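Participant: Structure file data_12.pdb (PDB, C-alpha atoms, pLDDT in the B column) right here:
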ATOM      1  CA  MET A 138     -11.788 -33.033  36.981  1.00 71.00           C
ATOM      2  CA  THR A 139     -11.522 -30.767  39.991  1.00 73.00           C
ATOM      3  CA  LEU A 140     -14.634 -32.334  41.475  1.00 77.00           C
ATOM      4  CA  ILE A 141     -13.178 -35.822  41.063  1.00 80.00           C
ATOM      5  CA  ARG A 142     -10.021 -34.644  42.823  1.00 81.00           C
ATOM      6  CA  ALA A 143     -12.190 -33.200  45.604  1.00 83.00           C
ATOM      7  CA  VAL A 144     -14.013 -36.518  46.024  1.00 83.00           C
ATOM      8  CA  ALA A 145     -10.657 -38.313  46.134  1.00 85.00           C
ATOM      9  CA  ILE A 146      -9.414 -35.987  48.851  1.00 84.00           C
ATOM     10  CA  GLY A 147     -12.658 -36.535  50.753  1.00 86.00           C
ATOM     11  CA  PHE A 148     -12.215 -40.309  50.542  1.00 84.00           C
ATOM     12  CA  LEU A 149      -8.665 -40.048  51.834  1.00 84.00           C
ATOM     13  CA  ALA A 150      -9.595 -37.617  54.610  1.00 86.00           C
ATOM     14  CA  GLY A 151     -12.387 -39.954  55.672  1.00 85.00           C
ATOM     15  CA  GLY A 152      -9.723 -42.429  56.714  1.00 83.00           C
ATOM     16  CA  ALA A 153      -9.198 -40.333  59.832  1.00 85.00           C
ATOM     17  CA  GLY A 154     -12.638 -41.465  60.930  1.00 83.00           C
ATOM     18  CA  ALA A 155     -11.229 -44.957  61.397  1.00 82.00           C
ATOM     19  CA  LEU A 156      -9.716 -43.700  64.648  1.00 83.00           C
ATOM     20  CA  ILE A 157     -13.152 -42.904  66.119  1.00 83.00           C
ATOM     21  CA  PHE A 158     -14.654 -46.300  66.858  1.00 81.00           C
ATOM     22  CA  ASP A 159     -13.516 -48.699  69.560  1.00 78.00           C
ATOM     23  CA  PRO A 160     -13.784 -52.432  68.932  1.00 79.00           C
ATOM     24  CA  ARG A 161     -16.625 -54.148  70.800  1.00 78.00           C
ATOM     25  CA  GLY A 162     -14.741 -57.365  71.367  1.00 78.00           C
ATOM     26  CA  GLU A 163     -11.273 -58.821  71.445  1.00 82.00           C
ATOM     27  CA  GLY A 164      -9.267 -59.753  68.402  1.00 84.00           C
ATOM     28  CA  LEU A 165      -8.343 -58.574  64.954  1.00 87.00           C
ATOM     29  CA  ASP A 166     -11.795 -59.169  63.470  1.00 86.00           C
ATOM     30  CA  HIS A 167     -13.490 -56.783  65.899  1.00 86.00           C
ATOM     31  CA  LEU A 168     -10.786 -54.204  65.236  1.00 88.00           C
ATOM     32  CA  ARG A 169     -11.279 -54.591  61.468  1.00 88.00           C
ATOM     33  CA  LEU A 170     -15.029 -54.055  61.804  1.00 87.00           C
ATOM     34  CA  ALA A 171     -14.549 -50.968  64.010  1.00 87.00           C
ATOM     35  CA  LEU A 172     -12.076 -49.481  61.524  1.00 89.00           C
ATOM     36  CA  LEU A 173     -14.481 -50.047  58.630  1.00 89.00           C
ATOM     37  CA  MET A 174     -17.323 -48.386  60.560  1.00 89.00           C
ATOM     38  CA  GLY A 175     -15.108 -45.430  61.392  1.00 90.00           C
ATOM     39  CA  LEU A 176     -14.036 -45.142  57.768  1.00 89.00           C
ATOM     40  CA  LEU A 177     -17.656 -44.966  56.639  1.00 89.00           C
ATOM     41  CA  VAL A 178     -18.564 -42.308  59.195  1.00 89.00           C
ATOM     42  CA  GLY A 179     -15.471 -40.290  58.309  1.00 89.00           C
ATOM     43  CA  GLN A 180     -16.242 -40.460  54.594  1.00 88.00           C
ATOM     44  CA  LEU A 181     -19.858 -39.535  55.249  1.00 89.00           C
ATOM     45  CA  LEU A 182     -18.590 -36.319  56.820  1.00 89.00           C
ATOM     46  CA  THR A 183     -15.603 -35.456  54.614  1.00 89.00           C
ATOM     47  CA  VAL A 184     -16.761 -36.306  51.085  1.00 87.00           C
ATOM     48  CA  PRO A 185     -19.661 -33.794  50.985  1.00 87.00           C
ATOM     49  CA  VAL A 186     -17.500 -31.085  52.544  1.00 89.00           C
ATOM     50  CA  SER A 187     -14.656 -31.641  50.088  1.00 87.00           C
ATOM     51  CA  LEU A 188     -17.128 -31.834  47.197  1.00 83.00           C
ATOM     52  CA  LEU A 189     -18.555 -28.453  48.205  1.00 86.00           C
ATOM     53  CA  GLY A 190     -15.029 -27.057  48.478  1.00 85.00           C
ATOM     54  CA  GLY A 191     -14.176 -28.484  45.061  1.00 80.00           C
ATOM     55  CA  ALA A 192     -17.263 -26.889  43.535  1.00 80.00           C
ATOM     56  CA  VAL A 193     -16.231 -23.502  44.924  1.00 82.00           C
ATOM     57  CA  TRP A 194     -12.634 -24.016  43.781  1.00 76.00           C
ATOM     58  CA  ALA A 195     -13.701 -25.110  40.271  1.00 73.00           C
ATOM     59  CA  ARG A 196     -15.432 -21.834  39.455  1.00 73.00           C
ATOM     60  CA  PRO A 197     -13.903 -20.003  36.501  1.00 69.00           C
ATOM     61  CA  ARG A 198     -10.898 -17.803  37.249  1.00 64.00           C
ATOM     62  CA  LYS A 199      -9.054 -15.167  35.286  1.00 59.00           C
ATOM     63  CA  GLU A 200      -5.579 -16.516  36.026  1.00 60.00           C
ATOM     64  CA  GLY A 201      -4.338 -19.778  34.559  1.00 56.00           C
ATOM     65  CA  ALA A 202      -5.628 -23.111  35.756  1.00 55.00           C
ATOM     66  CA  ILE A 203      -3.647 -24.978  38.380  1.00 55.00           C
ATOM     67  CA  ARG A 204      -2.507 -28.395  37.203  1.00 57.00           C
ATOM     68  CA  LEU A 205      -2.175 -31.084  39.798  1.00 62.00           C
ATOM     69  CA  TYR A 206      -0.321 -34.322  39.384  1.00 65.00           C
ATOM     70  CA  ASP A 207      -2.927 -37.048  39.374  1.00 74.00           C
ATOM     71  CA  PHE A 208      -0.540 -40.004  39.366  1.00 80.00           C
ATOM     72  CA  SER A 209       0.274 -39.998  43.069  1.00 82.00           C
ATOM     73  CA  LEU A 210      -3.275 -39.189  44.225  1.00 83.00           C
ATOM     74  CA  GLY A 211      -4.795 -41.808  41.932  1.00 85.00           C
ATOM     75  CA  SER A 212      -2.279 -44.496  42.892  1.00 89.00           C
ATOM     76  CA  LEU A 213      -2.726 -43.854  46.606  1.00 88.00           C
ATOM     77  CA  LEU A 214      -6.500 -43.879  46.318  1.00 89.00           C
ATOM     78  CA  MET A 215      -6.485 -47.105  44.314  1.00 92.00           C
ATOM     79  CA  ALA A 216      -4.196 -48.839  46.804  1.00 93.00           C
ATOM     80  CA  LEU A 217      -6.332 -47.784  49.751  1.00 91.00           C
ATOM     81  CA  GLY A 218      -9.488 -48.762  47.880  1.00 92.00           C
ATOM     82  CA  VAL A 219      -8.146 -52.257  47.264  1.00 95.00           C
ATOM     83  CA  LEU A 220      -7.211 -52.487  50.959  1.00 93.00           C
ATOM     84  CA  VAL A 221     -10.718 -51.453  52.019  1.00 92.00           C
ATOM     85  CA  VAL A 222     -12.318 -53.953  49.619  1.00 95.00           C
ATOM     86  CA  THR A 223     -10.214 -56.861  50.865  1.00 95.00           C
ATOM     87  CA  GLN A 224     -10.810 -55.972  54.512  1.00 93.00           C
ATOM     88  CA  SER A 225     -14.559 -55.618  54.000  1.00 94.00           C
ATOM     89  CA  GLN A 226     -14.690 -59.007  52.285  1.00 94.00           C
ATOM     90  CA  ALA A 227     -12.812 -60.521  55.209  1.00 93.00           C
ATOM     91  CA  ALA A 228     -15.250 -58.889  57.637  1.00 91.00           C
ATOM     92  CA  VAL A 229     -18.268 -60.211  55.733  1.00 91.00           C
ATOM     93  CA  THR A 230     -16.766 -63.700  55.710  1.00 91.00           C
ATOM     94  CA  TRP A 231     -16.116 -63.501  59.459  1.00 88.00           C
ATOM     95  CA  LEU A 232     -19.631 -62.238  60.205  1.00 86.00           C
ATOM     96  CA  SER A 233     -21.229 -64.940  58.050  1.00 84.00           C
ATOM     97  CA  THR A 234     -19.931 -67.790  60.218  1.00 81.00           C
ATOM     98  CA  GLU A 235     -22.229 -69.865  62.384  1.00 79.00           C
ATOM     99  CA  PRO A 236     -22.586 -69.396  65.320  1.00 80.00           C
ATOM    100  CA  THR A 237     -22.465 -65.615  65.355  1.00 73.00           C
ATOM    101  CA  PRO A 238     -19.131 -64.323  66.676  1.00 74.00           C
ATOM    102  CA  GLY A 239     -19.212 -63.021  70.250  1.00 74.00           C
ATOM    103  CA  GLY A 240     -19.481 -59.275  70.734  1.00 71.00           C
ATOM    104  CA  VAL A 241     -21.521 -58.777  67.556  1.00 75.00           C
ATOM    105  CA  GLY A 242     -24.987 -57.482  68.293  1.00 76.00           C
ATOM    106  CA  ASP A 243     -26.828 -57.650  64.971  1.00 79.00           C
ATOM    107  CA  PRO A 244     -24.916 -59.707  62.417  1.00 78.00           C
ATOM    108  CA  ASP A 245     -27.110 -58.556  59.520  1.00 81.00           C
ATOM    109  CA  GLY A 246     -26.494 -54.906  60.358  1.00 85.00           C
ATOM    110  CA  GLU A 247     -22.773 -55.483  60.697  1.00 86.00           C
ATOM    111  CA  ILE A 248     -22.701 -57.320  57.359  1.00 89.00           C
ATOM    112  CA  SER A 249     -24.441 -54.370  55.720  1.00 91.00           C
ATOM    113  CA  ILE A 250     -21.864 -51.990  57.239  1.00 89.00           C
ATOM    114  CA  ALA A 251     -19.043 -54.148  55.896  1.00 91.00           C
ATOM    115  CA  GLY A 252     -20.788 -54.293  52.513  1.00 92.00           C
ATOM    116  CA  LEU A 253     -21.118 -50.507  52.393  1.00 92.00           C
ATOM    117  CA  ALA A 254     -17.423 -50.232  53.237  1.00 92.00           C
ATOM    118  CA  GLY A 255     -16.700 -52.573  50.330  1.00 93.00           C
ATOM    119  CA  LEU A 256     -18.788 -50.375  48.040  1.00 94.00           C
ATOM    120  CA  SER A 257     -16.818 -47.376  49.269  1.00 92.00           C
ATOM    121  CA  GLY A 258     -13.605 -49.244  48.459  1.00 92.00           C
ATOM    122  CA  TYR A 259     -14.810 -49.974  44.937  1.00 95.00           C
ATOM    123  CA  LEU A 260     -15.677 -46.287  44.476  1.00 93.00           C
ATOM    124  CA  MET A 261     -12.195 -45.377  45.705  1.00 91.00           C
ATOM    125  CA  VAL A 262     -10.651 -47.688  43.110  1.00 94.00           C
ATOM    126  CA  PHE A 263     -12.889 -46.232  40.380  1.00 93.00           C
ATOM    127  CA  VAL A 264     -12.017 -42.613  41.274  1.00 91.00           C
ATOM    128  CA  GLY A 265      -8.324 -43.562  41.470  1.00 90.00           C
ATOM    129  CA  LEU A 266      -8.520 -45.068  37.987  1.00 92.00           C
ATOM    130  CA  ALA A 267     -10.187 -41.891  36.692  1.00 90.00           C
ATOM    131  CA  LEU A 268      -7.390 -39.787  38.169  1.00 87.00           C
ATOM    132  CA  LEU A 269      -4.718 -42.027  36.673  1.00 88.00           C
ATOM    133  CA  ALA A 270      -6.426 -41.944  33.278  1.00 88.00           C
ATOM    134  CA  ASN A 271      -6.571 -38.154  33.439  1.00 83.00           C
ATOM    135  CA  GLY A 272      -2.904 -38.016  34.421  1.00 81.00           C
ATOM    136  CA  VAL A 273      -1.915 -40.184  31.475  1.00 81.00           C
ATOM    137  CA  TRP A 274      -4.126 -38.231  29.109  1.00 80.00           C
ATOM    138  CA  THR A 275      -2.793 -34.824  30.152  1.00 77.00           C
ATOM    139  CA  SER A 276       0.831 -35.953  30.206  1.00 74.00           C
ATOM    140  CA  THR A 277       0.683 -37.250  26.639  1.00 73.00           C
ATOM    141  CA  ARG A 278      -0.681 -34.010  25.214  1.00 68.00           C
ATOM    142  CA  LYS A 279       1.693 -31.572  23.548  1.00 56.00           C
ATOM    143  CA  ASP A 280       2.146 -29.275  26.554  1.00 56.00           C
ATOM    144  CA  GLY A 281       0.992 -31.736  29.214  1.00 51.00           C
ATOM    145  CA  LEU A 282       2.701 -31.826  32.588  1.00 50.00           C
ATOM    146  CA  ARG A 283       6.071 -30.783  31.237  1.00 52.00           C
ATOM    147  CA  PRO A 284       7.318 -27.518  32.749  1.00 52.00           C
ATOM    148  CA  THR A 285       8.082 -24.715  30.343  1.00 52.00           C
ATOM    149  CA  ALA A 286      10.251 -21.629  30.657  1.00 51.00           C
ATOM    150  CA  GLU A 287       7.169 -19.389  30.437  1.00 53.00           C
ATOM    151  CA  ALA A 288       5.729 -21.009  33.551  1.00 50.00           C
ATOM    152  CA  PHE A 289       8.642 -19.833  35.674  1.00 49.00           C
ATOM    153  CA  GLN A 290       8.626 -16.226  34.465  1.00 53.00           C
ATOM    154  CA  ASP A 291       6.450 -13.676  36.258  1.00 47.00           C
TER     155      ASP A 291
END
Would you put the structure from the file into structure tokens?
Facilitator:
Amino acid sequence: MTLIRAVAIGFLAGGAGALIFDPRGEGLDHLRLALLMGLLVGQLLTVPVSLLGGAVWARPRKEGAIRLYDFSLGSLLMALGVLVVTQSQAAVTWLSTEPTPGGVGDPDGEISIAGLAGLSGYLMVFVGLALLANGVWTSTRKDGLRPTAEAFQD
């Protein structure tokens, strides 16, 4: 589960990459396409790094395991994944119009970028669902996410 959390953090950190690209043309559609390209580049850089960090962090330890609350991370990731999916579908629809919108060099390449962003959004939703399912599963167990008196004693 730690590796899934690491991938989720990598997906979220990849959102900072959306600030990298400048739109090629004027208007909201060009801005949307630039943000999706930046998101993909950011996730290409952050997901492997966070996955490597998660693999190092997941190694067995002598002290007790750290429990994280998966509800907020899963909900945030699902919401952002749905946003990415809807924006990528809007970008594909915009790029599929005839004649090709101005400022777009290769419409087929841009459609593939928007499609990859949509795939990334679907993966974000899937990982968010996995985190939520794990949160529900661990909270319904006998000693799930409920704090105990022993946890606060040193």
Participant: Name the residues captured by the PyMOL selection byres ((chain A and resi 183-199) around 7) when it is applied to the shown file; answer as a short mmCIF file (atom, residue, chain, number, x, y, z; two decimals) with C-alpha atoms, in the coordinates of the input.
Facilitator:
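Ended up saving to expr.cif:
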data_model
loop_
_atom_site.label_atom_id
_atom_site.label_comp_id
_atom_site.auth_asym_id
_atom_site.auth_seq_id
_atom_site.Cartn_x
_atom_site.Cartn_y
_atom_site.Cartn_z
CA THR A 139 -11.52 -30.77 39.99
CA LEU A 140 -14.63 -32.33 41.48
CA ALA A 143 -12.19 -33.20 45.60
CA VAL A 144 -14.01 -36.52 46.02
CA ILE A 146 -9.41 -35.99 48.85
CA GLY A 147 -12.66 -36.53 50.75
CA PHE A 148 -12.22 -40.31 50.54
CA ALA A 150 -9.60 -37.62 54.61
CA GLY A 151 -12.39 -39.95 55.67
CA GLY A 179 -15.47 -40.29 58.31
CA GLN A 180 -16.24 -40.46 54.59
CA LEU A 181 -19.86 -39.53 55.25
CA LEU A 182 -18.59 -36.32 56.82
CA GLU A 200 -5.58 -16.52 36.03
CA GLY A 201 -4.34 -19.78 34.56
#
Participant: Nearest residue to Met138 (chain A) out of A:Ala228, A:Leu268, A:Leu177, A:Val273, using all atoms listed in the file?
Facilitator: A:Leu268
Participant: Pick the closest to Ser209 (chain A) from A:Gly152, A:Gly265, A:Gly252, A:Gly164: which is it, counting only C-alpha atoms?
Facilitator: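 Of the candidates, the smallest distance to Ser209 (chain A) is held by A:Gly265.
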Participant: Report the distance between CA of Gly258 (chain A) and CA of Ser225 (chain A) in Å, rounded to one decimal place.
Facilitator: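 Result for CA of Gly258 (chain A) versus CA of Ser225 (chain A): 8.5 Å, one decimal.
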Participant: What is the distance between CA of Gly240 (chain A) and CA of Leu220 (chain A), in Å to one decimal?
Facilitator: 24.2 Å
Participant: Gly246 (chain A): which residues within 12 Å, counting only C-alpha atoms, same-chain residues fewer than 5 positions away excluded, as a PyMOL selection string?
Facilitator: chain A and resi 170+174+229+232-233+241+251-253
Participant: What are the centre and edge lengths in Å, to one decimal, of the axis-aligned box around all listed atoms of region 139-152 of chain A with 5 Å added on each side, as lines of an AutoDock Vina configuration file?
Facilitator:
center_x = -11.6
center_y = -36.6
center_z = 48.4
size_x = 16.0
size_y = 21.7
size_z = 26.7
Participant: Once the PyMOL selection byres ((chain A and resi 221) around 10) has been evaluated on this model, what residues remain selected, and can you format them as a count of residues only?
Facilitator: 25
Participant: Which residue gives the smallest distance to Phe263 (chain A) among A:Glu247, A:Gly211, A:His167, A:Thr237, with all atoms listed in the file counted?
Facilitator: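 Smallest separation from Phe263 (chain A) among the options: A:Gly211.
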Participant: Report, in Å with one decimal, the straight-line distance from CA of Leu156 (chain A) to CA of Ala267 (chain A).
Facilitator: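 Going from CA of Leu156 (chain A) over to CA of Ala267 (chain A), I get 28.0 Å.
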Participant: Counting all atoms listed in the file, figure out which residue out of A:Asp159, A:Leu168, A:Gly175, A:Ile141 gets nearest to Ile250 (chain A).
Facilitator: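 Using all atoms listed in the file, the shortest distance to Ile250 (chain A) belongs to A:Gly175.
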Participant: Which residue gives the smallest distance to Trp231 (chain A) among A:Leu165, A:Ala155, A:Val264, A:Leu210, with only C-alpha atoms counted?
Facilitator: A:Leu165
